[in-house]
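Let me begin by presenting the structure, written as structure tokens, before commenting on it.
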Amino acid sequence: MSWLIKSSIGRKFVQSISGIFLILFLLFHASMNLVLIFNYETYDFLANDMLGANWWAIIGTIVIFFGFGVHIIYSIILTIQNRKARGNVRYASASKDNASWSSKNMFVLGLVILLFVLLHLYQMWYQMQYKEFFMIEGARHDSAILVEEIFSNVWMVVIYVASFIALWFHLTHGFWSALHTVGWNNDIWMKRIKAFGNVLASLICLAFIAVAVLMHLGYSNLLA
Ligand code: HEM
């Protein structure tokens, strides 16, 4: 098992598997958010009763945070490793190679997403699950109204949408790269996987954007 930590391919493998796990989490998260457009009561039931401070939800949260932790730590290790391996050649070849803009900027895009996640966790997860679990005064149980309050501020919508765009660039390259690493690298399948990854990333990010913008404009809880 030490190859997962010590070897270069092992590290890339861990980075890929944790990335695929996080994409599955985002697919679930974006789908659940769409409920906000239709019915607040159902959303509160899901976010608060099902995914509140019960043990199953807490274990789920720990697993998700672990996935983020591994992905972030390995991204730092791999970036340092790549820079060391390439040295100054990185600069010489940067203008010549035709790698996409996203692939060259995965670390910076990841950093933008990390800053967004920290803000987001403070605004939502900390106010709900964390405060409820640690019995801190003021825990919010009205998840839908909390999200509505945040998106009533146009600057929050701007920050969130800008982060979803960074997420789109990160996911389109990340999905393709992850499957390439785990062994799906013949010519025909790589083209299909690239197309599938682009569609998946677009669906996830469009769902996030739709919720933020529609809630700001008052098009939510439509089936109440
Ligand atoms: C319109 C966009 C989004 C909305 C409305 C939203 C809403 C929420 C809410 C209400 C919670 C708290 C749930 C609870 O504690 O029971 C939450 C948790 C969380 N969100 Fe988001 N979210 C959005 C986008 C994102 C994005 C893009 C990411 C990651 C890149 C993300 C990552 C997380 C994480 C890691 C948690 C904690 C997970 C957990 O408690 O298990 N969210 N979100």
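Please note that chains go A, B, ... in the order of the structure tokens, that every chain numbers its residues from 1, and that ligands are numbered from 1 in the order shown.
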
What are the nearest atom pairs, with distances in Å to one decimal, for all residues of chain A that come at most 6 Å from ligand 1, using only C-alpha atoms and all ligand atoms, set out by chain and rising residue number as CSV?
residue,atom,partner,partner_atom_place_in_ligand_line,distance
A:Asn33,CA,ligand 1,5 (C),5.6
A:Ala47,CA,ligand 1,16 (O),4.4
A:Asn48,CA,ligand 1,16 (O),5.5
A:Leu51,CA,ligand 1,16 (O),4.9
A:Gly52,CA,ligand 1,16 (O),4.9
A:Gly60,CA,ligand 1,41 (O),5.8
A:Thr61,CA,ligand 1,41 (O),3.6
A:Val117,CA,ligand 1,29 (C),5.6
A:Leu121,CA,ligand 1,19 (C),5.9
A:Met124,CA,ligand 1,12 (C),4.9
A:Trp125,CA,ligand 1,15 (O),4.0
A:Met128,CA,ligand 1,15 (O),5.2
A:Gln129,CA,ligand 1,15 (O),4.5
A:Ser143,CA,ligand 1,10 (C),5.6
A:Val147,CA,ligand 1,5 (C),5.9
A:Phe208,CA,ligand 1,1 (C),4.2
A:Val211,CA,ligand 1,1 (C),5.1
A:Ala212,CA,ligand 1,1 (C),4.8

What does the file look like for those residues with N, CA and C atoms, as a PDB file, in the first residue's frame?
ATOM      1  N   ASN A  33     -30.137  20.476  -4.205  1.00  0.00           N
ATOM      2  CA  ASN A  33     -30.409  21.919  -4.192  1.00  0.00           C
ATOM      3  C   ASN A  33     -31.565  22.298  -5.100  1.00  0.00           C
ATOM      4  N   ALA A  47     -32.530  18.445   4.138  1.00  0.00           N
ATOM      5  CA  ALA A  47     -31.306  19.071   4.659  1.00  0.00           C
ATOM      6  C   ALA A  47     -31.264  19.045   6.182  1.00  0.00           C
ATOM      7  N   ASN A  48     -32.423  19.108   6.811  1.00  0.00           N
ATOM      8  CA  ASN A  48     -32.448  19.254   8.257  1.00  0.00           C
ATOM      9  C   ASN A  48     -32.771  17.948   8.987  1.00  0.00           C
ATOM     10  N   LEU A  51     -30.415  15.034   6.881  1.00  0.00           N
ATOM     11  CA  LEU A  51     -28.965  15.291   6.899  1.00  0.00           C
ATOM     12  C   LEU A  51     -28.571  16.271   8.006  1.00  0.00           C
ATOM     13  N   GLY A  52     -29.322  16.261   9.098  1.00  0.00           N
ATOM     14  CA  GLY A  52     -29.025  17.174  10.214  1.00  0.00           C
ATOM     15  C   GLY A  52     -27.934  16.607  11.104  1.00  0.00           C
ATOM     16  N   GLY A  60     -21.457  10.712   7.288  1.00  0.00           N
ATOM     17  CA  GLY A  60     -21.402  11.157   5.886  1.00  0.00           C
ATOM     18  C   GLY A  60     -20.534  12.402   5.742  1.00  0.00           C
ATOM     19  N   THR A  61     -20.745  13.371   6.660  1.00  0.00           N
ATOM     20  CA  THR A  61     -19.972  14.619   6.615  1.00  0.00           C
ATOM     21  C   THR A  61     -18.478  14.346   6.801  1.00  0.00           C
ATOM     22  N   VAL A 117     -15.387  27.176  -0.655  1.00  0.00           N
ATOM     23  CA  VAL A 117     -15.950  26.142   0.238  1.00  0.00           C
ATOM     24  C   VAL A 117     -15.867  26.602   1.697  1.00  0.00           C
ATOM     25  N   LEU A 121     -19.111  26.855   3.872  1.00  0.00           N
ATOM     26  CA  LEU A 121     -19.304  26.041   5.074  1.00  0.00           C
ATOM     27  C   LEU A 121     -19.672  26.933   6.252  1.00  0.00           C
ATOM     28  N   MET A 124     -23.404  28.164   5.744  1.00  0.00           N
ATOM     29  CA  MET A 124     -24.502  27.194   5.794  1.00  0.00           C
ATOM     30  C   MET A 124     -24.253  26.036   6.761  1.00  0.00           C
ATOM     31  N   TRP A 125     -23.235  25.241   6.511  1.00  0.00           N
ATOM     32  CA  TRP A 125     -23.032  24.025   7.321  1.00  0.00           C
ATOM     33  C   TRP A 125     -22.795  24.365   8.801  1.00  0.00           C
ATOM     34  N   MET A 128     -25.898  25.336  10.638  1.00  0.00           N
ATOM     35  CA  MET A 128     -26.894  24.274  10.795  1.00  0.00           C
ATOM     36  C   MET A 128     -26.343  23.077  11.579  1.00  0.00           C
ATOM     37  N   GLN A 129     -25.675  22.178  10.837  1.00  0.00           N
ATOM     38  CA  GLN A 129     -25.265  20.907  11.453  1.00  0.00           C
ATOM     39  C   GLN A 129     -24.277  21.097  12.611  1.00  0.00           C
ATOM     40  N   SER A 143     -33.413  25.585   6.876  1.00  0.00           N
ATOM     41  CA  SER A 143     -32.364  25.606   5.846  1.00  0.00           C
ATOM     42  C   SER A 143     -32.730  26.446   4.636  1.00  0.00           C
ATOM     43  N   VAL A 147     -30.763  29.742   3.114  1.00  0.00           N
ATOM     44  CA  VAL A 147     -30.194  29.864   1.758  1.00  0.00           C
ATOM     45  C   VAL A 147     -30.802  31.094   1.073  1.00  0.00           C
ATOM     46  N   PHE A 208     -26.202  24.414  -9.910  1.00  0.00           N
ATOM     47  CA  PHE A 208     -25.797  25.318  -8.825  1.00  0.00           C
ATOM     48  C   PHE A 208     -26.136  26.770  -9.195  1.00  0.00           C
ATOM     49  N   VAL A 211     -29.954  27.593  -9.136  1.00  0.00           N
ATOM     50  CA  VAL A 211     -30.519  27.761  -7.791  1.00  0.00           C
ATOM     51  C   VAL A 211     -30.171  29.151  -7.237  1.00  0.00           C
ATOM     52  N   ALA A 212     -28.896  29.555  -7.350  1.00  0.00           N
ATOM     53  CA  ALA A 212     -28.483  30.855  -6.802  1.00  0.00           C
ATOM     54  C   ALA A 212     -29.234  31.994  -7.497  1.00  0.00           C
TER      55      ALA A 212
END

Report the residues of segment 11-221 of chain A whose backbone DSSP state falls under helix (DSSP H, G or I), written as a PyMOL selection string. chain A and resi 11-38+40-50+55-86+89-94+101-104+106-133+143-151+154-181+187-217

Between A:Tyr122, A:Tyr130, A:Phe107, A:Ile20, which residue has the minimum interatomic distance to Asn54 of chain A, considering only C-alpha atoms? A:Tyr130

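Shortest separation to Glu41 of chain A among A:Ile145, A:Ala53, A:Leu78, A:Cys205 occurs at residue A:Ile145, atoms counted being only C-alpha atoms.
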
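Nearest residue to Ser202 of chain A, choosing from A:Ser102, A:Ala30, A:Ala139, A:Leu214 and counting only C-alpha atoms: A:Ala30.
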
If we count only C-alpha atoms, what is near Phe169 of chain A at a cut-off of 12 Å, once residues fewer than 6 positions away on the same chain are taken out, given as a ChimeraX atom specification? /A:100-110,112-113,162-163,175-176,197-198,200-202,204-205

Among the residues A:Ile64, A:Leu222, A:Val158, A:Ala57, the one that comes closest to Phe25 of chain A [using only C-alpha atoms]: A:Ile64
